[in-house]
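Beneath this line is the structure, given in structure tokens, with notes to follow.
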Amino acid sequence: MYKIALTGGIGTGKTYLSKHFIQMGIPVFYADDEAKKLYEDASFQQKLIELFADPALVIDQKVNLAVLSKLVFGNEENLQKLNRLVHPAVMERFVHWAEEQQAPSVMMESAIVFEGGLTDYFDKIIVVDAPLELRIQRVQERNPNLSREEILLRMSHQMPQEDKCRQADLVICTGETYAMSLNFLKPES
């Protein structure tokens, strides 16, 4: 089975673009959605509490995302701790999900393929790109409670887009019109 990663920073248009791949018959695994499901799991919640020694992280069997955000955004060490807990669990779910698919190619949409050291899982890596101001605008539209500064802080914790683009097998800019051939995504016979 051919495995493709679709990655890019916050607000680049990964989810928008992934819908086109679904229309092409390529199943898409959404890493962020799977990570959110982890946060609903009681054993994972307990691991979070133990990792950060903060019982306020879970209230009424729900992870308090505001508390978690304050712990990890702006604190590189805590962010890395969280990533070491979340990434392996999400990748395990991806591997099982991919095994269940009947299509010749599958895709995982994730903002942190490079940052998470996940490149070896994939045959091809597509980076989605967009101009910075458009990215900020997109994030503000879906998260009006986030300030420009908070968005820029979150972006600063991801690998710079330029670095991602240099490492990609293909870069797709969603901020402009584009034409491309996606034939390279099909496995060789």
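Starting from 1 in every chain, residues are counted up; chains themselves are A, B, ... following the order of the structure tokens, and ligands are numbered from 1 as listed.
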
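These are the residues of stretch 96-164 of chain A assigned strand (DSSP E) by DSSP from backbone coordinates: Ser105, Val106, Met107, Met108, Glu109, Lys124, Ile125, Ile126, Val127, Val128 and Asp129 of chain A.
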
Discussion item. List as a ChimeraX atom specification the protein and nucleic acid residues near A:Val86, meaning an atom at most 12 Å away when only C-alpha atoms are counted, but skip any in the same chain fewer than 2 places from it.
Written reply: /A:31-39,44-45,47-48,51,79-84,88-93,112,116

Next, dump the selected residues to file, keeping only N, CA and C atoms, as a CSV table (one decimal), in the first residue's frame.
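Done, and the output landed in again-v4.csv:
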```csv
chain,number,residue,atom,x,y,z
A,31,ALA,N,-5.0,13.1,11.4
A,31,ALA,CA,-4.2,12.9,12.6
A,31,ALA,C,-4.7,13.8,13.8
A,32,ASP,N,-5.1,15.0,13.5
A,32,ASP,CA,-5.6,15.9,14.6
A,32,ASP,C,-6.9,15.3,15.2
A,33,ASP,N,-7.8,14.8,14.3
A,33,ASP,CA,-9.0,14.1,14.8
A,33,ASP,C,-8.7,12.9,15.7
A,34,GLU,N,-7.7,12.2,15.3
A,34,GLU,CA,-7.4,11.0,16.1
A,34,GLU,C,-6.7,11.4,17.4
A,35,ALA,N,-5.9,12.5,17.4
A,35,ALA,CA,-5.4,13.0,18.6
A,35,ALA,C,-6.5,13.5,19.6
A,36,LYS,N,-7.5,14.1,19.0
A,36,LYS,CA,-8.6,14.6,19.9
A,36,LYS,C,-9.3,13.4,20.5
A,37,LYS,N,-9.4,12.3,19.7
A,37,LYS,CA,-10.1,11.1,20.3
A,37,LYS,C,-9.2,10.5,21.5
A,38,LEU,N,-7.9,10.6,21.3
A,38,LEU,CA,-7.1,10.2,22.4
A,38,LEU,C,-7.4,10.9,23.7
A,39,TYR,N,-7.7,12.2,23.6
A,39,TYR,CA,-8.0,13.0,24.8
A,39,TYR,C,-9.2,12.6,25.5
A,44,PHE,N,-5.5,7.6,28.6
A,44,PHE,CA,-4.6,8.6,28.1
A,44,PHE,C,-4.7,9.9,29.0
A,45,GLN,N,-5.9,10.2,29.4
A,45,GLN,CA,-6.0,11.3,30.4
A,45,GLN,C,-5.2,11.2,31.6
A,47,LYS,N,-2.4,9.5,31.8
A,47,LYS,CA,-1.0,9.7,31.4
A,47,LYS,C,-0.7,11.2,31.3
A,48,LEU,N,-1.6,12.0,30.8
A,48,LEU,CA,-1.4,13.4,30.7
A,48,LEU,C,-1.2,14.0,32.1
A,51,LEU,N,2.1,13.0,33.4
A,51,LEU,CA,3.2,13.6,32.6
A,51,LEU,C,3.4,15.1,33.1
A,79,LEU,N,6.0,21.0,25.4
A,79,LEU,CA,5.5,20.6,24.0
A,79,LEU,C,6.1,19.3,23.6
A,80,GLN,N,7.4,19.2,23.7
A,80,GLN,CA,8.1,17.9,23.3
A,80,GLN,C,7.6,16.7,24.2
A,81,LYS,N,7.3,16.9,25.4
A,81,LYS,CA,6.8,15.9,26.3
A,81,LYS,C,5.4,15.4,25.7
A,82,LEU,N,4.6,16.4,25.4
A,82,LEU,CA,3.2,16.1,24.9
A,82,LEU,C,3.4,15.3,23.5
A,83,ASN,N,4.2,15.8,22.7
A,83,ASN,CA,4.4,15.2,21.4
A,83,ASN,C,4.9,13.7,21.5
A,84,ARG,N,5.8,13.5,22.5
A,84,ARG,CA,6.3,12.1,22.7
A,84,ARG,C,5.2,11.2,23.2
A,88,PRO,N,3.3,8.7,19.0
A,88,PRO,CA,3.3,7.3,18.8
A,88,PRO,C,1.9,6.7,18.8
A,89,ALA,N,1.0,7.2,19.7
A,89,ALA,CA,-0.3,6.7,19.8
A,89,ALA,C,-1.1,7.0,18.5
A,90,VAL,N,-0.9,8.2,17.9
A,90,VAL,CA,-1.6,8.5,16.7
A,90,VAL,C,-1.1,7.6,15.5
A,91,MET,N,0.2,7.5,15.5
A,91,MET,CA,0.8,6.7,14.4
A,91,MET,C,0.4,5.2,14.5
A,92,GLU,N,0.2,4.7,15.7
A,92,GLU,CA,-0.3,3.3,15.9
A,92,GLU,C,-1.7,3.2,15.3
A,93,ARG,N,-2.5,4.2,15.6
A,93,ARG,CA,-3.9,4.2,15.0
A,93,ARG,C,-3.9,4.3,13.5
A,112,ILE,N,2.3,18.1,11.5
A,112,ILE,CA,3.7,17.9,12.1
A,112,ILE,C,4.4,16.6,11.6
A,116,GLY,N,7.5,15.7,13.9
A,116,GLY,CA,7.3,14.5,14.7
A,116,GLY,C,8.2,13.3,14.3
```

Worksheet item: In terms of the shortest atom-to-atom distance over only C-alpha atoms, which of A:Leu6, A:Ile59, A:Met1, A:Leu153 is closest to A:Val72?
Response: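 Result for the nearest residue to A:Val72: A:Leu153.
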
Fill in: Coordinates-based distance that separates atom CA of A:Val95 from atom CA of A:Ile4 (Å, one decimal)
12.4 Å

Discussion item. Using Å and a single decimal, report how far atom CA of A:Asp163 sits from atom CA of A:Gly11.
Written reply: 16.4 Å
